[in-house]
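Peer 1: Sharing a structure with you now.
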Amino acid sequence: MELQAVLMAAGGGSRMMELTYNTHKPLLPVGNKPLIWYPLNLLERVGFEEVIIITTKDVQKMLTPDRLKLDGKMKLDVVCIQLEGEMGTADALRHVQQKIKTDVLVLSCDLITDVALHEVVDLFRAHNASMAMLMSKLHEFTETVPGQKGKKKAGEQRDFVGVDATGQRLLFMANEADLEDGLTIRKSIMCKHPSMRIRTGLLDAHLYCLKRCVVDFLVENKNISSIRGELIPYLVRKQFSKSVNLPNNKDEVEMSQKMEGQTNLEILGSCKDEELLRLTQERSCWNDHHGDMSEAYHGGKVRCYVHIMEDGVCYRVNTLAAYIEANRMVSAGVGADSIIGASCQISDKTSIKRSTVGASSTVREKVKITNSILMNGVTVEEGCNIQGSVICSNAVIGRNADIKYCLVGSSQRIEPDGECLTVTQNAGIHLHYVYGCLFICVKTHSTPHSSAVSRVCCVHVCVRQRVAG
């Protein structure tokens, strides 16, 4: 394989701490397979024989062959990093730079997609691009999220993505939060690409093909921390820079100031084309401008492309809503109404519809489970009704409990005849009220001198009377 694959699996899942405070994000079960299985399977299907996995020591200990269940013999080169402060994806890629000998394919462990991966790689190779990335249309999640029933969804900041007439050359990228003074397009872009199309409603899949010289550039510029937040926008802007040495606009000035003290601020010099390829581009009638005889690629040494999936599956499982939808999608993908894990005990007179039941779980008689996710080792006593809920690993649901649109934490116990009435969220505090008991989950942050990863502390408070509201 002409590309090396690097899988990012060190993130703490800060946007869905309800699930990850006790289960590492790469190991969250989706359709009874760990989340990290899906990108690994994608790489294995297209012929990768080795992948570098960047993760933590705790996750490494659990990446056993029995847990991963890969079909082939793909070699996993696991590199452990210690999350210190605000370590980002660019920092992680910089950490394995010595292992990277060719161009690189970087993807996230939370990606579930059926993309034809060769289409992204072919785009990267055909144009000798500095970077090619995968995007897809945003999905509207249909399932009710525990704790959010009846609540208005908070809108996320949109990305504005500019592409050329082919829909493949990535010309412009900006987040809505960065456009306080409106959407401004540089004249140098419009002169070369007057038919640029601005698109919104796209999901960045966090799958990138990068030139080896881009990785080398990261080594020289250690102040770039994030691939998505800093490196990709910088590359897109650099495509149309007139000057090799001086920044041309406010954004590039800020980036240059951020990199103050570095000796090589310019990536252009690192991405020189081979002489033969350069001559071919200059003298060919065919180029990316349909034979207009102008210099191929307008002479740009930095070129960015995007493959946009208009159809198919492409999820980033980085929120509770996305996690629920991914489980639903995986069940539908295998043609099953529900998925039951290995070594489960399912008793008679039990109804399980549109749900996932994790391995080694026990479901007693006369239980109804609908639109729910039960992780591994869950016990559900007789007579329970569970609807639209997520029950985390090793939880116990007492006899005749009625649970609707709730999230029950790992190893928690719901008392017999309990009734889950509501889940509220306020200032990082989650209240899970079950008749007779109140479960309070408080998100806390560690001190600045230690890891910045959020943690969740669960406090079980017994109450005698039902709390109104």
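How things are named: the first chain in the structure tokens is A, the next is B, and so on; residues count from 1 in each chain; ligands count from 1 in the order shown.
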Tell me which protein, DNA and RNA residues are within 12 Å of Gly312 of chain A, counting only C-alpha atoms, leaving out same-chain ones fewer than 4 positions away, and put them as a ChimeraX atom specification.

Peer 2: /A:112-116,135-139,308,329,333

Peer 1: What are the DSSP alpha helix (DSSP H) residues of segment 79-239 of chain A, as a ChimeraX atom specification?

Peer 2: /A:89-95,117-126,187-192,212-220,232-238

Peer 1: Quick one: residues within 9 Å of His24 of chain A, only C-alpha atoms counted, chain neighbours fewer than 3 positions away excluded, as a list in words?

Peer 2: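 Counting only C-alpha atoms, the residues come to Gly11, Gly12, Gly13, Leu19, Thr20, Tyr21, Leu27, Leu28, Asp58 and Val59 of chain A.
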
Peer 1: Next, dump the selected residues to file, keeping only N, CA and C atoms, as a PDB file, in the first residue's frame.

Peer 2:
ATOM      1  N   GLY A  11      -8.516  10.198  22.004  1.00  0.00           N
ATOM      2  CA  GLY A  11      -9.455  11.189  22.527  1.00  0.00           C
ATOM      3  C   GLY A  11     -10.300  10.633  23.661  1.00  0.00           C
ATOM      4  N   GLY A  12     -10.700  11.530  24.548  1.00  0.00           N
ATOM      5  CA  GLY A  12     -11.469  11.108  25.707  1.00  0.00           C
ATOM      6  C   GLY A  12     -12.971  11.123  25.529  1.00  0.00           C
ATOM      7  N   GLY A  13     -13.462  11.574  24.373  1.00  0.00           N
ATOM      8  CA  GLY A  13     -14.916  11.621  24.167  1.00  0.00           C
ATOM      9  C   GLY A  13     -15.593  12.656  25.030  1.00  0.00           C
ATOM     10  N   LEU A  19     -21.282   8.640  28.451  1.00  0.00           N
ATOM     11  CA  LEU A  19     -20.932   7.278  28.073  1.00  0.00           C
ATOM     12  C   LEU A  19     -19.476   6.940  28.372  1.00  0.00           C
ATOM     13  N   THR A  20     -18.593   7.927  28.272  1.00  0.00           N
ATOM     14  CA  THR A  20     -17.156   7.633  28.282  1.00  0.00           C
ATOM     15  C   THR A  20     -16.494   7.802  29.637  1.00  0.00           C
ATOM     16  N   TYR A  21     -17.240   8.207  30.669  1.00  0.00           N
ATOM     17  CA  TYR A  21     -16.571   8.386  31.958  1.00  0.00           C
ATOM     18  C   TYR A  21     -16.109   7.056  32.538  1.00  0.00           C
ATOM     19  N   LEU A  27     -13.594   2.007  22.694  1.00  0.00           N
ATOM     20  CA  LEU A  27     -14.137   0.700  23.071  1.00  0.00           C
ATOM     21  C   LEU A  27     -15.639   0.722  23.293  1.00  0.00           C
ATOM     22  N   LEU A  28     -16.293   1.863  23.067  1.00  0.00           N
ATOM     23  CA  LEU A  28     -17.749   1.911  23.206  1.00  0.00           C
ATOM     24  C   LEU A  28     -18.393   0.909  22.245  1.00  0.00           C
ATOM     25  N   ASP A  58      -4.222   2.711  28.698  1.00  0.00           N
ATOM     26  CA  ASP A  58      -5.416   2.002  29.165  1.00  0.00           C
ATOM     27  C   ASP A  58      -6.150   1.333  28.010  1.00  0.00           C
ATOM     28  N   VAL A  59      -6.243   2.019  26.873  1.00  0.00           N
ATOM     29  CA  VAL A  59      -6.910   1.431  25.710  1.00  0.00           C
ATOM     30  C   VAL A  59      -6.065   0.313  25.114  1.00  0.00           C
TER      31      VAL A  59
END

Peer 1: How far is it from atom CA of Ala401 of chain A to atom CA of Val378 of chain A, in Å with one decimal?

Peer 2: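 Calculated distance between atom CA of Ala401 of chain A and atom CA of Val378 of chain A is 14.1 Å.
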
Peer 1: Based on the backbone DSSP call, show me all residues of segment 53-90 of chain A assigned strand (DSSP E or B), as JSON, numbers by chain.

Peer 2: {"A": [53, 54, 55, 75, 76, 77, 78, 79, 80]}

Peer 1: Pick out the closest residue to Leu63 of chain A from this set: A:Trp37, A:Tyr234, A:Phe172, A:Tyr208. Count only C-alpha atoms.

Peer 2: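 Using only C-alpha atoms, the shortest distance to Leu63 of chain A belongs to A:Trp37.
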